[in-house]
file upload08.cif (mmCIF, C-alpha atoms and all ligand atoms; chains and numbers go by the auth columns)
data_start
loop_
_atom_site.group_PDB
_atom_site.id
_atom_site.type_symbol
_atom_site.label_atom_id
_atom_site.label_comp_id
_atom_site.label_asym_id
_atom_site.label_seq_id
_atom_site.Cartn_x
_atom_site.Cartn_y
_atom_site.Cartn_z
_atom_site.B_iso_or_equiv
_atom_site.auth_seq_id
_atom_site.auth_asym_id
ATOM 1 C CA MET A 1 -12.807 -4.205 14.459 0.00 721 A
ATOM 2 C CA CYS A 2 -10.002 -6.219 12.959 0.00 722 A
ATOM 3 C CA GLN A 3 -9.183 -4.783 9.581 0.00 723 A
ATOM 4 C CA VAL A 4 -7.155 -1.908 10.836 0.00 724 A
ATOM 5 C CA ASP A 5 -3.472 -1.456 10.249 0.00 725 A
ATOM 6 C CA GLU A 6 -2.122 -0.955 13.703 0.00 726 A
ATOM 7 C CA THR A 7 1.432 -1.216 14.890 0.00 727 A
ATOM 8 C CA ASP A 8 0.906 -1.355 18.624 0.00 728 A
ATOM 9 C CA MET A 9 -0.937 -4.625 19.118 0.00 729 A
ATOM 10 C CA GLY A 10 0.509 -6.018 22.299 0.00 730 A
ATOM 11 C CA LEU A 11 3.526 -7.634 20.723 0.00 731 A
ATOM 12 C CA SER A 12 5.861 -9.687 22.889 0.00 732 A
ATOM 13 C CA LEU A 13 9.449 -8.564 23.315 0.00 733 A
ATOM 14 C CA LEU A 14 10.628 -11.177 20.822 0.00 734 A
ATOM 15 C CA GLN A 15 7.998 -10.070 18.310 0.00 735 A
ATOM 16 C CA ARG A 16 9.065 -6.466 18.730 0.00 736 A
ATOM 17 C CA ILE A 17 12.677 -7.419 18.069 0.00 737 A
ATOM 18 C CA GLU A 18 11.649 -9.391 14.986 0.00 738 A
ATOM 19 C CA TYR A 19 9.515 -6.478 13.841 0.00 739 A
ATOM 20 C CA ARG A 20 12.346 -4.025 14.278 0.00 740 A
ATOM 21 C CA ALA A 21 14.764 -6.294 12.411 0.00 741 A
ATOM 22 C CA GLY A 22 12.190 -6.737 9.673 0.00 742 A
ATOM 23 C CA THR A 23 11.921 -2.998 9.106 0.00 743 A
ATOM 24 C CA VAL A 24 15.605 -2.076 9.217 0.00 744 A
ATOM 25 C CA LEU A 25 17.438 -4.960 7.539 0.00 745 A
ATOM 26 C CA PRO A 26 18.185 -4.174 3.890 0.00 746 A
ATOM 27 C CA LEU A 27 17.804 -7.208 1.664 0.00 747 A
ATOM 28 C CA SER A 28 17.843 -5.558 -1.722 0.00 748 A
ATOM 29 C CA ALA A 29 18.520 -1.826 -1.360 0.00 749 A
ATOM 30 C CA ARG A 30 18.451 0.103 -4.633 0.00 750 A
ATOM 31 C CA THR A 31 18.527 3.598 -6.026 0.00 751 A
ATOM 32 C CA ALA A 32 15.254 5.129 -7.221 0.00 752 A
ATOM 33 C CA ARG A 33 15.648 7.482 -10.155 0.00 753 A
ATOM 34 C CA SER A 34 12.954 8.719 -12.474 0.00 754 A
ATOM 35 C CA ARG A 35 12.661 11.735 -14.691 0.00 755 A
ATOM 36 C CA ARG A 36 9.924 13.548 -12.787 0.00 756 A
ATOM 37 C CA GLY A 37 9.586 11.748 -9.478 0.00 757 A
ATOM 38 C CA ILE A 38 6.721 9.412 -8.626 0.00 758 A
ATOM 39 C CA LEU A 39 3.880 9.252 -6.107 0.00 759 A
ATOM 40 C CA SER A 40 2.192 5.887 -5.473 0.00 760 A
ATOM 41 C CA VAL A 41 -1.154 5.970 -3.664 0.00 761 A
ATOM 42 C CA THR A 42 -2.167 2.690 -2.042 0.00 762 A
ATOM 43 C CA PHE A 43 -5.354 1.561 -0.308 0.00 763 A
ATOM 44 C CA ASP A 44 -5.410 -1.398 2.066 0.00 764 A
ATOM 45 C CA ASP A 45 -8.114 -4.016 2.757 0.00 765 A
ATOM 46 C CA PHE A 46 -10.183 -2.020 1.216 0.00 766 A
ATOM 47 C CA PRO A 47 -13.359 -0.022 1.922 0.00 767 A
ATOM 48 C CA ARG A 48 -15.476 0.747 -1.157 0.00 768 A
ATOM 49 C CA SER A 49 -14.904 4.459 -0.689 0.00 769 A
ATOM 50 C CA ALA A 50 -11.264 3.919 -1.642 0.00 770 A
ATOM 51 C CA TRP A 51 -12.499 3.074 -5.113 0.00 771 A
ATOM 52 C CA GLN A 52 -15.708 5.089 -5.346 0.00 772 A
ATOM 53 C CA VAL A 53 -14.185 8.309 -4.009 0.00 773 A
ATOM 54 C CA GLY A 54 -10.499 7.605 -4.572 0.00 774 A
ATOM 55 C CA GLY A 55 -10.940 6.517 -8.173 0.00 775 A
ATOM 56 C CA GLU A 56 -12.557 9.840 -8.996 0.00 776 A
ATOM 57 C CA LEU A 57 -9.924 11.919 -7.217 0.00 777 A
ATOM 58 C CA LEU A 58 -7.137 10.033 -8.967 0.00 778 A
ATOM 59 C CA GLY A 59 -8.829 10.287 -12.339 0.00 779 A
ATOM 60 C CA ALA A 60 -8.951 14.072 -11.963 0.00 780 A
ATOM 61 C CA VAL A 61 -5.135 14.203 -11.868 0.00 781 A
ATOM 62 C CA ASP A 62 -4.565 11.436 -14.387 0.00 782 A
ATOM 63 C CA GLY A 63 -3.332 9.164 -11.603 0.00 783 A
ATOM 64 C CA ARG A 64 -3.782 5.487 -10.847 0.00 784 A
ATOM 65 C CA ALA A 65 -3.456 3.626 -7.563 0.00 785 A
ATOM 66 C CA THR A 66 -2.776 0.210 -6.034 0.00 786 A
ATOM 67 C CA TYR A 67 -5.536 -1.516 -4.064 0.00 787 A
ATOM 68 C CA TYR A 68 -4.315 -4.197 -1.646 0.00 788 A
ATOM 69 C CA VAL A 69 -7.099 -6.749 -1.438 0.00 789 A
ATOM 70 C CA ALA A 70 -7.749 -8.867 1.658 0.00 790 A
ATOM 71 C CA GLY A 71 -10.293 -11.502 0.629 0.00 791 A
ATOM 72 C CA ARG A 72 -11.941 -11.768 4.024 0.00 792 A
ATOM 73 C CA PHE A 73 -13.436 -8.295 3.611 0.00 793 A
ATOM 74 C CA HIS A 74 -15.089 -9.081 0.281 0.00 794 A
ATOM 75 C CA ASP A 75 -18.700 -7.903 0.331 0.00 795 A
ATOM 76 C CA THR A 76 -18.655 -7.134 4.041 0.00 796 A
ATOM 77 C CA ALA A 77 -19.233 -4.019 6.105 0.00 797 A
ATOM 78 C CA VAL A 78 -17.230 -2.974 9.145 0.00 798 A
ATOM 79 C CA ASP A 79 -18.622 -0.341 11.490 0.00 799 A
ATOM 80 C CA GLY A 80 -21.118 0.630 8.815 0.00 800 A
ATOM 81 C CA ALA A 81 -18.498 1.050 6.081 0.00 801 A
ATOM 82 C CA PRO A 82 -19.012 -1.256 3.083 0.00 802 A
ATOM 83 C CA TYR A 83 -16.013 -3.060 1.641 0.00 803 A
ATOM 84 C CA PHE A 84 -15.145 -3.928 -1.940 0.00 804 A
ATOM 85 C CA THR A 85 -17.284 -6.097 -4.188 0.00 805 A
ATOM 86 C CA SER A 86 -16.319 -8.353 -7.090 0.00 806 A
ATOM 87 C CA ARG A 87 -17.591 -5.680 -9.457 0.00 807 A
ATOM 88 C CA ASP A 88 -15.303 -3.105 -7.859 0.00 808 A
ATOM 89 C CA LEU A 89 -12.252 -5.269 -8.551 0.00 809 A
ATOM 90 C CA ILE A 90 -13.235 -5.695 -12.182 0.00 810 A
ATOM 91 C CA ASP A 91 -14.022 -2.007 -12.644 0.00 811 A
ATOM 92 C CA LEU A 92 -10.903 -0.620 -11.039 0.00 812 A
ATOM 93 C CA VAL A 93 -8.632 -2.907 -13.044 0.00 813 A
ATOM 94 C CA ALA A 94 -10.481 -1.838 -16.196 0.00 814 A
ATOM 95 C CA ALA A 95 -9.767 1.774 -15.200 0.00 815 A
ATOM 96 C CA GLY A 96 -6.029 1.058 -15.104 0.00 816 A
ATOM 97 C CA HIS A 97 -5.523 0.685 -11.364 0.00 817 A
ATOM 98 C CA GLU A 98 -3.535 -2.168 -9.869 0.00 818 A
ATOM 99 C CA LEU A 99 -4.646 -4.900 -7.503 0.00 819 A
ATOM 100 C CA GLY A 100 -2.129 -5.836 -4.857 0.00 820 A
ATOM 101 C CA CYS A 101 -2.133 -8.796 -2.485 0.00 821 A
ATOM 102 C CA HIS A 102 -2.552 -8.274 1.254 0.00 822 A
ATOM 103 C CA SER A 103 -3.365 -11.697 2.771 0.00 823 A
ATOM 104 C CA PHE A 104 -6.773 -13.349 2.845 0.00 824 A
ATOM 105 C CA ASP A 105 -7.033 -13.492 6.628 0.00 825 A
ATOM 106 C CA HIS A 106 -5.232 -10.241 7.363 0.00 826 A
ATOM 107 C CA GLN A 107 -2.965 -11.788 9.975 0.00 827 A
ATOM 108 C CA SER A 108 0.177 -10.189 11.318 0.00 828 A
ATOM 109 C CA ALA A 109 3.322 -11.845 9.969 0.00 829 A
ATOM 110 C CA LEU A 110 4.665 -11.674 13.524 0.00 830 A
ATOM 111 C CA LYS A 111 1.818 -13.663 15.034 0.00 831 A
ATOM 112 C CA VAL A 112 1.442 -16.672 12.747 0.00 832 A
ATOM 113 C CA ARG A 113 3.857 -19.256 11.440 0.00 833 A
ATOM 114 C CA LEU A 114 5.442 -18.547 8.112 0.00 834 A
ATOM 115 C CA SER A 115 3.606 -21.503 6.549 0.00 835 A
ATOM 116 C CA SER A 116 0.215 -20.126 7.694 0.00 836 A
ATOM 117 C CA TYR A 117 1.073 -16.681 6.425 0.00 837 A
ATOM 118 C CA MET A 118 2.094 -17.984 3.018 0.00 838 A
ATOM 119 C CA ALA A 119 -1.044 -20.148 2.819 0.00 839 A
ATOM 120 C CA SER A 120 -3.167 -17.055 3.474 0.00 840 A
ATOM 121 C CA VAL A 121 -1.310 -15.146 0.754 0.00 841 A
ATOM 122 C CA ARG A 122 -1.938 -18.016 -1.680 0.00 842 A
ATOM 123 C CA ARG A 123 -5.610 -18.144 -0.697 0.00 843 A
ATOM 124 C CA ASN A 124 -5.835 -14.428 -1.351 0.00 844 A
ATOM 125 C CA ALA A 125 -4.260 -14.806 -4.781 0.00 845 A
ATOM 126 C CA ASP A 126 -6.711 -17.642 -5.537 0.00 846 A
ATOM 127 C CA PHE A 127 -9.552 -15.401 -4.441 0.00 847 A
ATOM 128 C CA VAL A 128 -8.484 -12.671 -6.865 0.00 848 A
ATOM 129 C CA SER A 129 -8.079 -15.267 -9.634 0.00 849 A
ATOM 130 C CA SER A 130 -11.635 -16.470 -9.025 0.00 850 A
ATOM 131 C CA ILE A 131 -12.867 -12.981 -9.971 0.00 851 A
ATOM 132 C CA LEU A 132 -10.171 -11.968 -12.458 0.00 852 A
ATOM 133 C CA PRO A 133 -8.735 -15.165 -13.978 0.00 853 A
ATOM 134 C CA GLY A 134 -5.114 -14.743 -14.986 0.00 854 A
ATOM 135 C CA TYR A 135 -4.616 -11.438 -13.181 0.00 855 A
ATOM 136 C CA HIS A 136 -0.979 -11.142 -12.119 0.00 856 A
ATOM 137 C CA LEU A 137 -0.490 -9.789 -8.610 0.00 857 A
ATOM 138 C CA ARG A 138 2.901 -8.110 -8.492 0.00 858 A
ATOM 139 C CA SER A 139 2.851 -6.467 -5.111 0.00 859 A
ATOM 140 C CA HIS A 140 2.235 -7.527 -1.515 0.00 860 A
ATOM 141 C CA ALA A 141 1.457 -5.378 1.538 0.00 861 A
ATOM 142 C CA PHE A 142 1.996 -6.682 5.065 0.00 862 A
ATOM 143 C CA PRO A 143 -1.170 -6.516 7.186 0.00 863 A
ATOM 144 C CA TYR A 144 -0.683 -3.993 10.014 0.00 864 A
ATOM 145 C CA GLY A 145 2.640 -3.226 8.326 0.00 865 A
ATOM 146 C CA GLN A 146 4.184 -5.907 10.519 0.00 866 A
ATOM 147 C CA VAL A 147 7.121 -7.335 8.645 0.00 867 A
ATOM 148 C CA ARG A 148 9.446 -10.186 9.419 0.00 868 A
ATOM 149 C CA VAL A 149 12.680 -10.980 7.629 0.00 869 A
ATOM 150 C CA ALA A 150 11.690 -14.604 6.984 0.00 870 A
ATOM 151 C CA ASN A 151 8.477 -13.458 5.316 0.00 871 A
ATOM 152 C CA ARG A 152 10.271 -10.878 3.207 0.00 872 A
ATOM 153 C CA LEU A 153 12.633 -13.580 1.986 0.00 873 A
ATOM 154 C CA ALA A 154 9.834 -16.065 1.307 0.00 874 A
ATOM 155 C CA LEU A 155 7.763 -13.496 -0.581 0.00 875 A
ATOM 156 C CA ARG A 156 10.640 -12.152 -2.605 0.00 876 A
ATOM 157 C CA GLY A 157 10.264 -14.756 -5.301 0.00 877 A
ATOM 158 C CA LYS A 158 6.491 -14.285 -5.538 0.00 878 A
ATOM 159 C CA PHE A 159 6.098 -10.518 -5.632 0.00 879 A
ATOM 160 C CA ALA A 160 8.187 -7.808 -7.250 0.00 880 A
ATOM 161 C CA ALA A 161 7.440 -5.507 -4.312 0.00 881 A
ATOM 162 C CA GLN A 162 6.418 -5.759 -0.656 0.00 882 A
ATOM 163 C CA ARG A 163 5.057 -2.736 1.193 0.00 883 A
ATOM 164 C CA GLY A 164 5.149 -1.864 4.870 0.00 884 A
ATOM 165 C CA ILE A 165 4.016 1.204 6.799 0.00 885 A
ATOM 166 C CA GLU A 166 7.273 2.770 7.953 0.00 886 A
ATOM 167 C CA THR A 167 7.487 6.499 7.293 0.00 887 A
ATOM 168 C CA PRO A 168 9.505 7.268 4.145 0.00 888 A
ATOM 169 C CA ARG A 169 13.025 8.617 4.582 0.00 889 A
ATOM 170 C CA LYS A 170 15.301 9.081 1.609 0.00 890 A
ATOM 171 C CA LEU A 171 13.116 8.883 -1.464 0.00 891 A
ATOM 172 C CA ASP A 172 15.958 8.153 -3.842 0.00 892 A
ATOM 173 C CA ARG A 173 16.580 4.808 -2.136 0.00 893 A
ATOM 174 C CA PHE A 174 14.218 1.857 -1.734 0.00 894 A
ATOM 175 C CA ASP A 175 14.155 -1.845 -0.977 0.00 895 A
ATOM 176 C CA PRO A 176 11.507 -3.741 -2.965 0.00 896 A
ATOM 177 C CA THR A 177 11.255 -6.314 -0.156 0.00 897 A
ATOM 178 C CA HIS A 178 10.119 -3.560 2.191 0.00 898 A
ATOM 179 C CA LEU A 179 8.803 -0.376 0.632 0.00 899 A
ATOM 180 C CA ARG A 180 8.310 2.389 3.120 0.00 900 A
ATOM 181 C CA ALA A 181 4.925 4.136 2.958 0.00 901 A
ATOM 182 C CA GLY A 182 3.623 7.192 4.747 0.00 902 A
ATOM 183 C CA ALA A 183 0.343 6.889 6.651 0.00 903 A
ATOM 184 C CA LEU A 184 -2.423 9.122 5.361 0.00 904 A
ATOM 185 C CA GLU A 185 -4.750 8.380 8.266 0.00 905 A
ATOM 186 C CA ALA A 186 -6.906 10.666 10.370 0.00 906 A
ATOM 187 C CA ARG A 187 -5.284 9.391 13.563 0.00 907 A
ATOM 188 C CA ARG A 188 -1.868 10.499 12.305 0.00 908 A
ATOM 189 C CA GLU A 189 -2.864 13.816 10.846 0.00 909 A
ATOM 190 C CA GLY A 190 -0.044 16.332 10.986 0.00 910 A
ATOM 191 C CA GLN A 191 2.656 13.727 11.593 0.00 911 A
ATOM 192 C CA ILE A 192 3.978 13.643 8.038 0.00 912 A
ATOM 193 C CA ASP A 193 5.190 16.676 6.111 0.00 913 A
ATOM 194 C CA TRP A 194 3.652 15.776 2.748 0.00 914 A
ATOM 195 C CA PRO A 195 4.620 19.015 0.944 0.00 915 A
ATOM 196 C CA ARG A 196 8.270 18.450 1.860 0.00 916 A
ATOM 197 C CA LEU A 197 8.200 14.811 0.730 0.00 917 A
ATOM 198 C CA ILE A 198 6.505 15.702 -2.553 0.00 918 A
ATOM 199 C CA GLU A 199 9.057 18.438 -3.183 0.00 919 A
ATOM 200 C CA GLU A 200 11.877 15.991 -2.401 0.00 920 A
ATOM 201 C CA ALA A 201 10.463 13.366 -4.789 0.00 921 A
ATOM 202 C CA ALA A 202 10.284 15.992 -7.548 0.00 922 A
ATOM 203 C CA ARG A 203 13.784 17.284 -6.881 0.00 923 A
ATOM 204 C CA SER A 204 15.486 13.881 -6.588 0.00 924 A
ATOM 205 C CA GLY A 205 13.382 11.945 -9.094 0.00 925 A
ATOM 206 C CA GLY A 206 12.562 9.674 -6.154 0.00 926 A
ATOM 207 C CA TRP A 207 9.590 7.543 -5.234 0.00 927 A
ATOM 208 C CA LEU A 208 7.068 8.442 -2.542 0.00 928 A
ATOM 209 C CA VAL A 209 4.484 5.875 -1.424 0.00 929 A
ATOM 210 C CA LEU A 210 1.496 6.594 0.799 0.00 930 A
ATOM 211 C CA PHE A 211 -1.183 4.333 2.211 0.00 931 A
ATOM 212 C CA THR A 212 -4.634 4.714 3.663 0.00 932 A
ATOM 213 C CA HIS A 213 -7.882 2.728 3.877 0.00 933 A
ATOM 214 C CA GLY A 214 -11.201 4.439 3.195 0.00 934 A
ATOM 215 C CA LEU A 215 -11.961 8.025 2.201 0.00 935 A
ATOM 216 C CA ARG A 216 -14.719 9.671 4.194 0.00 936 A
ATOM 217 C CA SER A 217 -15.471 13.249 5.140 0.00 937 A
ATOM 218 C CA ARG A 218 -15.970 11.947 8.678 0.00 938 A
ATOM 219 C CA PRO A 219 -13.156 9.416 8.637 0.00 939 A
ATOM 220 C CA SER A 220 -12.470 6.543 11.007 0.00 940 A
ATOM 221 C CA PRO A 221 -9.010 6.796 12.610 0.00 941 A
ATOM 222 C CA TYR A 222 -7.650 4.655 9.768 0.00 942 A
ATOM 223 C CA ASP A 223 -9.264 6.540 6.892 0.00 943 A
ATOM 224 C CA ALA A 224 -8.431 9.862 5.315 0.00 944 A
ATOM 225 C CA GLN A 225 -10.645 12.781 4.403 0.00 945 A
ATOM 226 C CA PRO A 226 -11.098 13.048 0.632 0.00 946 A
ATOM 227 C CA LYS A 227 -10.048 16.697 0.670 0.00 947 A
ATOM 228 C CA VAL A 228 -6.736 15.766 2.309 0.00 948 A
ATOM 229 C CA LEU A 229 -5.887 13.225 -0.385 0.00 949 A
ATOM 230 C CA GLU A 230 -7.098 15.658 -3.030 0.00 950 A
ATOM 231 C CA GLY A 231 -4.685 18.288 -1.725 0.00 951 A
ATOM 232 C CA ILE A 232 -1.772 15.856 -1.875 0.00 952 A
ATOM 233 C CA LEU A 233 -2.681 14.774 -5.397 0.00 953 A
ATOM 234 C CA ARG A 234 -2.937 18.380 -6.592 0.00 954 A
ATOM 235 C CA ARG A 235 0.376 19.263 -5.052 0.00 955 A
ATOM 236 C CA ALA A 236 2.012 16.200 -6.618 0.00 956 A
ATOM 237 C CA GLN A 237 0.542 17.142 -9.975 0.00 957 A
ATOM 238 C CA ASN A 238 1.759 20.730 -9.640 0.00 958 A
ATOM 239 C CA GLU A 239 5.262 19.485 -8.775 0.00 959 A
ATOM 240 C CA GLY A 240 5.213 17.352 -11.913 0.00 960 A
ATOM 241 C CA LEU A 241 5.168 13.934 -10.226 0.00 961 A
ATOM 242 C CA GLU A 242 3.755 10.938 -12.035 0.00 962 A
ATOM 243 C CA ILE A 243 1.054 9.205 -10.000 0.00 963 A
ATOM 244 C CA LEU A 244 1.515 5.507 -10.677 0.00 964 A
ATOM 245 C CA PRO A 245 0.567 2.150 -9.151 0.00 965 A
ATOM 246 C CA VAL A 246 3.346 0.381 -7.263 0.00 966 A
ATOM 247 C CA GLY A 247 4.080 -2.169 -9.998 0.00 967 A
ATOM 248 C CA GLU A 248 4.491 0.464 -12.710 0.00 968 A
ATOM 249 C CA ALA A 249 6.424 2.761 -10.421 0.00 969 A
ATOM 250 C CA LEU A 250 8.823 -0.065 -9.655 0.00 970 A
ATOM 251 C CA ASP A 251 9.441 -0.636 -13.360 0.00 971 A
ATOM 252 C CA ARG A 252 9.995 3.082 -13.843 0.00 972 A
ATOM 253 C CA VAL A 253 12.477 3.649 -11.031 0.00 973 A
ATOM 254 C CA GLN A 254 14.418 0.512 -11.912 0.00 974 A
ATOM 255 C CA ALA A 255 14.689 1.555 -15.555 0.00 975 A
ATOM 256 C CA GLY A 256 16.114 4.940 -14.542 0.00 976 A
ATOM 257 C CA PRO A 257 15.423 8.402 -15.983 0.00 977 A
HETATM 258 ZN ZN ZN B . -4.673 -4.028 6.061 0.00 1001 B
#
call {"tool": "encode", "arguments": {"input": "upload08.cif", "output": "structure tokens", "more": "lines below"}}
Ligand SMILES: [Zn+2]
result
Amino acid sequence: MCQVDETDMGLSLLQRIEYRAGTVLPLSARTARSRRGILSVTFDDFPRSAWQVGGELLGAVDGRATYYVAGRFHDTAVDGAPYFTSRDLIDLVAAGHELGCHSFDHQSALKVRLSSYMASVRRNADFVSSILPGYHLRSHAFPYGQVRVANRLALRGKFAAQRGIETPRKLDRFDPTHLRAGALEARREGQIDWPRLIEEAARSGGWLVLFTHGLRSRPSPYDAQPKVLEGILRRAQNEGLEILPVGEALDRVQAGP
């Protein structure tokens, strides 16, 4: 099992220090302001259920998501769960969702040289281009959420946004080189107060990002139950939030209300 986003992976002390620095150092802190507040739903890697189940749930609330592709999982299955196909990528883009760029090999930025990491990101972008020629990937997500300052700097010129997995704090502030995102995962159930965050996004016109992997009624530790995501989407809709992919949300919050 290697596709999972996991923060505790036996990092050395130096790697932990780099990781910590990568999550706390502001490189481009900005104010997020939108008229109604925004929720961005993101899926990593990604299992087919993220599209087959998630696409339907999002469509029911007039929402669209970002799917962070990691090429190595194309047409595979992990622990019995099928992963995305070429057709899925074509169909979800046609439905108005966004493709984001994980890395092809799904390596931790803390465990490989910067040059290897960037090569894997390029390979991933080439992979997407081989299926959707000319598709512009605007957003990157760090595998395992493991960020490093050098990688954030190197990726800044290639992607408008980079997403991690740190729990959101103030929703009216963000740094596009390290977007915070709340974990909607079975293993972390109950750890995030989603109603409070949704209410805060609505009140402040801020931007709330969440991430998960697959959607299954009997989820793996890294998946979410469809009914849990459905509840969050309904609440966001009732609070008046727009449910937008990361790239569009970024445009919106930068333009202001
Ligand atoms: Zn991942």
call {"tool": "residues_near_ligand", "arguments": {"input": "upload08.cif", "ligand": "ligand ZN 1001 (chain B)", "cutoff": "8 Å", "atoms": "all atoms listed in the file", "output": "count of residues only"}}
result
16
call {"tool": "resolve_selection", "arguments": {"input": "upload08.cif", "expression": "the PyMOL selection byres (((chain A and resi 746-762) around 7) and not hetatm)", "output": "PDB file with C-alpha atoms, in the coordinates of the input"}}
result
ATOM      1  CA  VAL A 744      15.605  -2.076   9.217  1.00  0.00           C
ATOM      2  CA  LEU A 745      17.438  -4.960   7.539  1.00  0.00           C
ATOM      3  CA  PHE A 763      -5.354   1.561  -0.308  1.00  0.00           C
ATOM      4  CA  ASP A 764      -5.410  -1.398   2.066  1.00  0.00           C
ATOM      5  CA  ALA A 785      -3.456   3.626  -7.563  1.00  0.00           C
ATOM      6  CA  THR A 786      -2.776   0.210  -6.034  1.00  0.00           C
ATOM      7  CA  TYR A 787      -5.536  -1.516  -4.064  1.00  0.00           C
ATOM      8  CA  ASP A 892      15.958   8.153  -3.842  1.00  0.00           C
ATOM      9  CA  ARG A 893      16.580   4.808  -2.136  1.00  0.00           C
ATOM     10  CA  PHE A 894      14.218   1.857  -1.734  1.00  0.00           C
ATOM     11  CA  ASP A 895      14.155  -1.845  -0.977  1.00  0.00           C
ATOM     12  CA  PRO A 896      11.507  -3.741  -2.965  1.00  0.00           C
ATOM     13  CA  THR A 897      11.255  -6.314  -0.156  1.00  0.00           C
ATOM     14  CA  ALA A 921      10.463  13.366  -4.789  1.00  0.00           C
ATOM     15  CA  ALA A 922      10.284  15.992  -7.548  1.00  0.00           C
ATOM     16  CA  SER A 924      15.486  13.881  -6.588  1.00  0.00           C
ATOM     17  CA  GLY A 925      13.382  11.945  -9.094  1.00  0.00           C
ATOM     18  CA  GLY A 926      12.562   9.674  -6.154  1.00  0.00           C
ATOM     19  CA  TRP A 927       9.590   7.543  -5.234  1.00  0.00           C
ATOM     20  CA  LEU A 928       7.068   8.442  -2.542  1.00  0.00           C
ATOM     21  CA  VAL A 929       4.484   5.875  -1.424  1.00  0.00           C
ATOM     22  CA  LEU A 930       1.496   6.594   0.799  1.00  0.00           C
ATOM     23  CA  PHE A 931      -1.183   4.333   2.211  1.00  0.00           C
ATOM     24  CA  THR A 932      -4.634   4.714   3.663  1.00  0.00           C
ATOM     25  CA  GLY A 960       5.213  17.352 -11.913  1.00  0.00           C
ATOM     26  CA  LEU A 961       5.168  13.934 -10.226  1.00  0.00           C
ATOM     27  CA  GLU A 962       3.755  10.938 -12.035  1.00  0.00           C
ATOM     28  CA  ILE A 963       1.054   9.205 -10.000  1.00  0.00           C
ATOM     29  CA  LEU A 964       1.515   5.507 -10.677  1.00  0.00           C
ATOM     30  CA  PRO A 965       0.567   2.150  -9.151  1.00  0.00           C
ATOM     31  CA  VAL A 966       3.346   0.381  -7.263  1.00  0.00           C
ATOM     32  CA  ALA A 969       6.424   2.761 -10.421  1.00  0.00           C
ATOM     33  CA  ARG A 972       9.995   3.082 -13.843  1.00  0.00           C
ATOM     34  CA  VAL A 973      12.477   3.649 -11.031  1.00  0.00           C
ATOM     35  CA  GLN A 974      14.418   0.512 -11.912  1.00  0.00           C
ATOM     36  CA  GLY A 976      16.114   4.940 -14.542  1.00  0.00           C
ATOM     37  CA  PRO A 977      15.423   8.402 -15.983  1.00  0.00           C
TER      38      PRO A 977
END
call {"tool": "residues_around", "arguments": {"input": "upload08.cif", "residues": "A:Val813", "least_positions_apart": "2", "cutoff": "12 Å", "atoms": "all atoms listed in the file", "output": "MDAnalysis selection string"}}
result
chainID A and resid 771 775 784:787 806:811 815:820 848 851:852 855:857 965
call {"tool": "atom_distance", "arguments": {"input": "upload08.cif", "atom1": "atom CA of A:Gly884", "atom2": "atom CA of A:Ser859"}}
result
11.2 Å
call {"tool": "closest_residue", "arguments": {"input": "upload08.cif", "among": "A:Pro767, A:Gly774, A:Gly742, A:Gly779", "to": "A:Lys947", "atoms": "all atoms listed in the file"}}
result
A:Gly774
call {"tool": "residues_around", "arguments": {"input": "upload08.cif", "residues": "A:Val867", "least_positions_apart": "6", "cutoff": "12 Å", "atoms": "only C-alpha atoms", "output": "ChimeraX atom specification"}}
result
/A:727,735-745,827-832,834,837,860-861,873-875,882-886,897-900
call {"tool": "closest_residue", "arguments": {"input": "upload08.cif", "among": "A:Lys890, A:Arg876, A:Arg868, A:His794", "to": "A:Phe847", "atoms": "only C-alpha atoms"}}
result
A:His794
call {"tool": "atom_distance", "arguments": {"input": "upload08.cif", "atom1": "atom CA of A:Asp971", "atom2": "atom CA of A:Gly902"}}
result
20.6 Å
call {"tool": "closest_residue", "arguments": {"input": "upload08.cif", "among": "A:Leu953, A:Arg768, A:Ala780, A:Val789", "to": "A:Pro802", "atoms": "all atoms listed in the file"}}
result
A:Arg768
call {"tool": "atom_distance", "arguments": {"input": "upload08.cif", "atom1": "atom CA of A:Lys878", "atom2": "atom CA of A:Leu778"}}
result
28.1 Å
call {"tool": "closest_residue", "arguments": {"input": "upload08.cif", "among": "A:Leu812, A:Leu777, A:Ala870, A:Ala801", "to": "A:Ser835", "atoms": "only C-alpha atoms"}}
result
A:Ala870
call {"tool": "resolve_selection", "arguments": {"input": "upload08.cif", "expression": "the PyMOL selection byres (((chain A and resi 913) around 12) and not hetatm)", "output": "list of chain:residue names"}}
result
A:Thr887, A:Pro888, A:Arg889, A:Gly902, A:Ala903, A:Leu904, A:Arg908, A:Glu909, A:Gly910, A:Gln911, A:Ile912, A:Trp914, A:Pro915, A:Arg916, A:Leu917, A:Ile918, A:Glu919, A:Glu920, A:Leu930, A:Ile952
call {"tool": "decode", "arguments": {"input": "upload08.cif", "residues": "stretch 760-765 of chain A", "atoms": "N, CA and C atoms", "output": "mmCIF file, in the first residue's frame"}}
result
data_model
loop_
_atom_site.group_PDB
_atom_site.id
_atom_site.type_symbol
_atom_site.label_atom_id
_atom_site.label_comp_id
_atom_site.auth_asym_id
_atom_site.auth_seq_id
_atom_site.Cartn_x
_atom_site.Cartn_y
_atom_site.Cartn_z
ATOM 1 N N SER A 760 -13.611 24.214 -1.628
ATOM 2 C CA SER A 760 -12.981 23.417 -2.690
ATOM 3 C C SER A 760 -12.821 21.988 -2.199
ATOM 4 N N VAL A 761 -13.373 21.050 -2.957
ATOM 5 C CA VAL A 761 -13.255 19.623 -2.647
ATOM 6 C C VAL A 761 -12.174 19.048 -3.550
ATOM 7 N N THR A 762 -11.216 18.348 -2.954
ATOM 8 C CA THR A 762 -10.122 17.789 -3.759
ATOM 9 C C THR A 762 -9.961 16.298 -3.461
ATOM 10 N N PHE A 763 -9.609 15.566 -4.509
ATOM 11 C CA PHE A 763 -9.391 14.116 -4.404
ATOM 12 C C PHE A 763 -7.972 13.815 -4.854
ATOM 13 N N ASP A 764 -7.247 13.038 -4.086
ATOM 14 C CA ASP A 764 -5.853 12.744 -4.417
ATOM 15 C C ASP A 764 -5.708 11.339 -4.999
ATOM 16 N N ASP A 765 -4.834 11.190 -5.917
ATOM 17 C CA ASP A 765 -4.248 9.948 -6.479
ATOM 18 C C ASP A 765 -4.895 9.440 -7.785
#
